[in-house]
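A short worksheet on the structure shown next.
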Amino acid sequence: MSYKITVKRMVKDGDLTFTGEGKSITTKCYWNTNKKIPAGTYPGCSATTMSRKKNSKGMPREAIFIPNIKGYSEIFIHMGKVPYETWSDGCIVIDEEKIIEIYNAIIPKNGHNIKVVITG
């Protein structure tokens with residue numbers, strides 16, 4: 001199974017849409033406007049956890065890893081809270097409940113089976 005995440009950026013926030021087998025999730029997303037990754041298509045992304053960051057339960061934070069972004073390393077779609085931009089160092093940030101819902105829908109984990117498309 002392959003999955004797709006589309007991020008439509010506007011000035012200060014955007015819309016993130018996840019699509020997978022029989023499931024579609026749309027939510028607001030945010031980033032640090034001073035350090036945002038380039039628009040483009042990023043294949044080979046994976047559902048994983050962030051070993052050095054924790055979720056609200058103190059467990060490794062659920063995330064979508066976006067590899068091979070020129071000039072960036074360790075870029076993810078992950079949880080954040082208000083003010084969202086302070087949670088981002090280039091990453092795309094969404095509410096924790098939404099990233100968990102997306103993470104749980106993706107099988108297998110670390111499968112390089114997600115395409116992330118960023119526009120705007």
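Following the order of the structure tokens, chains are lettered A, B, ..., residues in each are numbered from 1, and ligands are numbered from 1.
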query = Can you list every residue in region 5-118 of chain A that DSSP puts in strand (DSSP E or B), as a ChimeraX atom specification?
reply = /A:5-9,14-20,23-30,40-54,60-66,75-79,92-94,114-118
Can I get the residues of region 44-98 of chain A within 12 Å of region 103-115 of chain A, each with the closest pair of atoms and their distance in Å to one decimal, using only C-alpha atoms, sorted chain first then ascending number, as CSV?
```
residue,atom,partner,partner_atom,distance
A:Gly44,CA,A:His112,CA,4.2
A:Cys45,CA,A:Ile114,CA,4.8
A:Ser46,CA,A:His112,CA,4.6
A:Ala47,CA,A:Lys109,CA,5.1
A:Thr48,CA,A:Asn110,CA,5.6
A:Thr49,CA,A:Asn110,CA,9.1
A:Met50,CA,A:Asn110,CA,11.7
A:Arg61,CA,A:Tyr103,CA,10.3
A:Glu62,CA,A:Tyr103,CA,6.5
A:Ala63,CA,A:Tyr103,CA,6.8
A:Ile64,CA,A:Tyr103,CA,7.5
A:Phe65,CA,A:Asn110,CA,8.7
A:Ile66,CA,A:Lys115,CA,8.9
A:Pro67,CA,A:His112,CA,9.5
A:Ile77,CA,A:Tyr103,CA,10.3
A:His78,CA,A:Tyr103,CA,9.8
A:Met79,CA,A:Tyr103,CA,11.1
A:Glu96,CA,A:Tyr103,CA,10.4
A:Glu97,CA,A:Tyr103,CA,9.9
A:Lys98,CA,A:Tyr103,CA,8.5
```
Next, write the just-selected residues to a file, as a tab-separated table (two decimals), in the first residue's frame, keeping C-alpha atoms as the atom set.
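Contents of selection.tsv, as written:
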```tsv
chain	number	residue	atom	x	y	z
A	44	GLY	CA	10.17	7.37	0.02
A	45	CYS	CA	8.88	8.94	3.24
A	46	SER	CA	8.04	6.73	6.23
A	47	ALA	CA	5.90	6.56	9.36
A	48	THR	CA	8.33	6.29	12.27
A	49	THR	CA	9.01	7.63	15.74
A	50	MET	CA	11.46	10.33	16.75
A	61	ARG	CA	6.98	10.96	19.20
A	62	GLU	CA	5.00	9.64	16.20
A	63	ALA	CA	6.10	11.24	12.94
A	64	ILE	CA	6.47	11.03	9.19
A	65	PHE	CA	10.13	11.19	8.13
A	66	ILE	CA	10.87	13.16	4.94
A	67	PRO	CA	14.31	12.15	3.57
A	77	ILE	CA	5.82	15.93	10.04
A	78	HIS	CA	5.19	15.74	13.78
A	79	MET	CA	3.05	16.99	16.66
A	96	GLU	CA	-0.92	15.43	18.18
A	97	GLU	CA	-4.24	13.60	17.73
A	98	LYS	CA	-3.98	14.02	13.93
```
request  = DSSP on the backbone, then: every residue of region 2-120 of chain A marked helix (DSSP H, G or I), written as a list in words.
outcome  = Tyr84, Glu85, Thr86, Trp87, Glu96, Glu97, Lys98, Ile99, Ile100, Glu101, Ile102, Tyr103, Asn104 and Ala105 of chain A
If you keep N, CA and C atoms, can you produce a file of those selected residues as a short mmCIF file (atom, residue, chain, number, x, y, z; two decimals), in the first residue's frame?
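Result saved to again_7.cif:
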```cif
data_model
loop_
_atom_site.label_atom_id
_atom_site.label_comp_id
_atom_site.auth_asym_id
_atom_site.auth_seq_id
_atom_site.Cartn_x
_atom_site.Cartn_y
_atom_site.Cartn_z
N TYR A 84 2.71 27.04 17.34
CA TYR A 84 3.22 25.94 16.53
C TYR A 84 4.60 26.19 15.94
N GLU A 85 4.84 27.43 15.48
CA GLU A 85 6.10 27.66 14.79
C GLU A 85 7.32 27.43 15.69
N THR A 86 7.15 27.52 17.01
CA THR A 86 8.27 27.26 17.91
C THR A 86 8.62 25.77 17.99
N TRP A 87 7.75 24.91 17.50
CA TRP A 87 7.99 23.46 17.48
C TRP A 87 8.71 23.03 16.20
N GLU A 96 -1.36 16.78 17.80
CA GLU A 96 -0.92 15.43 18.18
C GLU A 96 -1.95 14.36 17.81
N GLU A 97 -3.22 14.63 18.04
CA GLU A 97 -4.24 13.60 17.73
C GLU A 97 -4.26 13.27 16.24
N LYS A 98 -3.98 14.25 15.39
CA LYS A 98 -3.98 14.02 13.93
C LYS A 98 -2.76 13.22 13.49
N ILE A 99 -1.58 13.53 14.03
CA ILE A 99 -0.40 12.76 13.62
C ILE A 99 -0.52 11.31 14.10
N ILE A 100 -1.11 11.10 15.26
CA ILE A 100 -1.30 9.73 15.75
C ILE A 100 -2.29 8.98 14.85
N GLU A 101 -3.36 9.66 14.43
CA GLU A 101 -4.33 9.03 13.54
C GLU A 101 -3.69 8.66 12.19
N ILE A 102 -2.88 9.55 11.65
CA ILE A 102 -2.17 9.28 10.40
C ILE A 102 -1.17 8.15 10.60
N TYR A 103 -0.37 8.25 11.65
CA TYR A 103 0.65 7.23 11.95
C TYR A 103 0.02 5.84 12.07
N ASN A 104 -1.09 5.75 12.78
CA ASN A 104 -1.75 4.46 12.98
C ASN A 104 -2.34 3.88 11.69
N ALA A 105 -2.64 4.73 10.71
CA ALA A 105 -3.24 4.26 9.45
C ALA A 105 -2.20 3.69 8.48
#
```
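One finds CA of Asn55 (chain A) at 23.2 Å from CA of Thr6 (chain A).
Neighbours of Asp15 (chain A) closer than or equal to 7 Å, with only C-alpha atoms counted and sequence neighbours fewer than 2 positions away skipped, come out as Val7, Lys8, Arg9, Thr17, Thr26, Thr27, Lys28 and Cys29 of chain A.
One finds CA of Tyr30 (chain A) at 9.9 Å from CA of Lys81 (chain A).
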ask   = In Å, with one decimal, what is the gap from CA of Ser56 (chain A) to CA of Asn34 (chain A)?
value = 26.2 Å
task = Would you kindly return, as a count of residues only, each protein, DNA or RNA residue with an atom no farther than 9 Å from any atom of Lys35 (chain A), considering only C-alpha atoms and excluding same-chain residues fewer than 5 positions away?
result = 4
